[in-house]
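Novice: The following block contains the structure, expressed as structure tokens.
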Amino acid sequence: VGKPLGVFYGYQAEGIFQNQAEIDAAPKQDANTAPGDIRFADLNGDNVINAQDRKIIGDPNPNFIAGLTNTFNYKAFELSFFFQGNFGNDIYNQTRVMLESFTTPINSTTRALDRWKTPGQKTSVPRAIISDPNNNSRFSTRYIEDGTYVRLKNLTLAYSIAPQNLSKLKISNIRFYVSGQNLLTFTKYSGWDPEASASPQASVGFGRDLGVYPVARTISAGFNLTF
């Protein structure tokens, strides 16, 4: 109540348990917690990790949205571009929940190669174990990522033939062009597309990337005739 629509509410991940002594000294998480599991923060200080330890861990709403467009002309050439970006928003990478939770015998991302295996190992990826007894895949900061991006949405290069060279053809103008959409994306987001982020399971699921198909990169060429 009183917060922006769709903010992320969950647990705060604080690293990996390296040994049993760390587990014994930490707030109680689960009876089956073992070395290699994620340590979650005890926010209310009752020495137990439960639903009361959740907080707002991200906001899918950008601080601002910006765009930049311009057209340059030199003799018969024309170059136009359009950049667009979101700044300051978070994305809950729900695709990673599926591919990095190690809870079922399905294929994973290459991050599985960095999973915890031995005490003292420096990694943010927990152990691989079927059924996830510590609930490492719970809604937490582990899957919150910076969704800021800048994308070259359109770039067009065109060349027009001067009308005086077309008078015999009864054509007033011929314009040749090559155009590209979604050519470059600058972002730290690890998913397929920071722009395509939505959850079909929730009416306010924007900012949740559940395998949404990324926008296509296209290149087209053609010409325009004016009679």
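By order in the structure tokens, chains are A, B, ...; within a chain, residues start at 1; ligands start at 1, following the order shown.
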Which residues are close to Asp146 (chain A), i.e. within 6 Å by only C-alpha atoms, leaving aside same-chain residues fewer than 2 positions away? Reply as a count of residues only.
Specialist: 3
Novice: Out of A:Ser199, A:Thr185, A:Asn107, A:Gln121, which residue has the shortest atom-to-atom distance to Tyr213 (chain A) when counting only C-alpha atoms?
Specialist: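 Between A:Ser199, A:Thr185, A:Asn107, A:Gln121, the residue approaching Tyr213 (chain A) most closely is A:Ser199.
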Novice: Which residues are near Gln29 (chain A)? Cut-off 8 Å, only C-alpha atoms, ignore same chain within fewer than 3 positions. Put them as a ChimeraX atom specification.
Specialist: /A:33,40,48-50,134
Novice: Just checking: using only C-alpha atoms, which residue out of A:Ser131, A:Thr71, A:Thr109, A:Thr156 ends up closest to Asn32 (chain A)?
Specialist: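 Under the stated criterion, the closest residue is A:Ser131.
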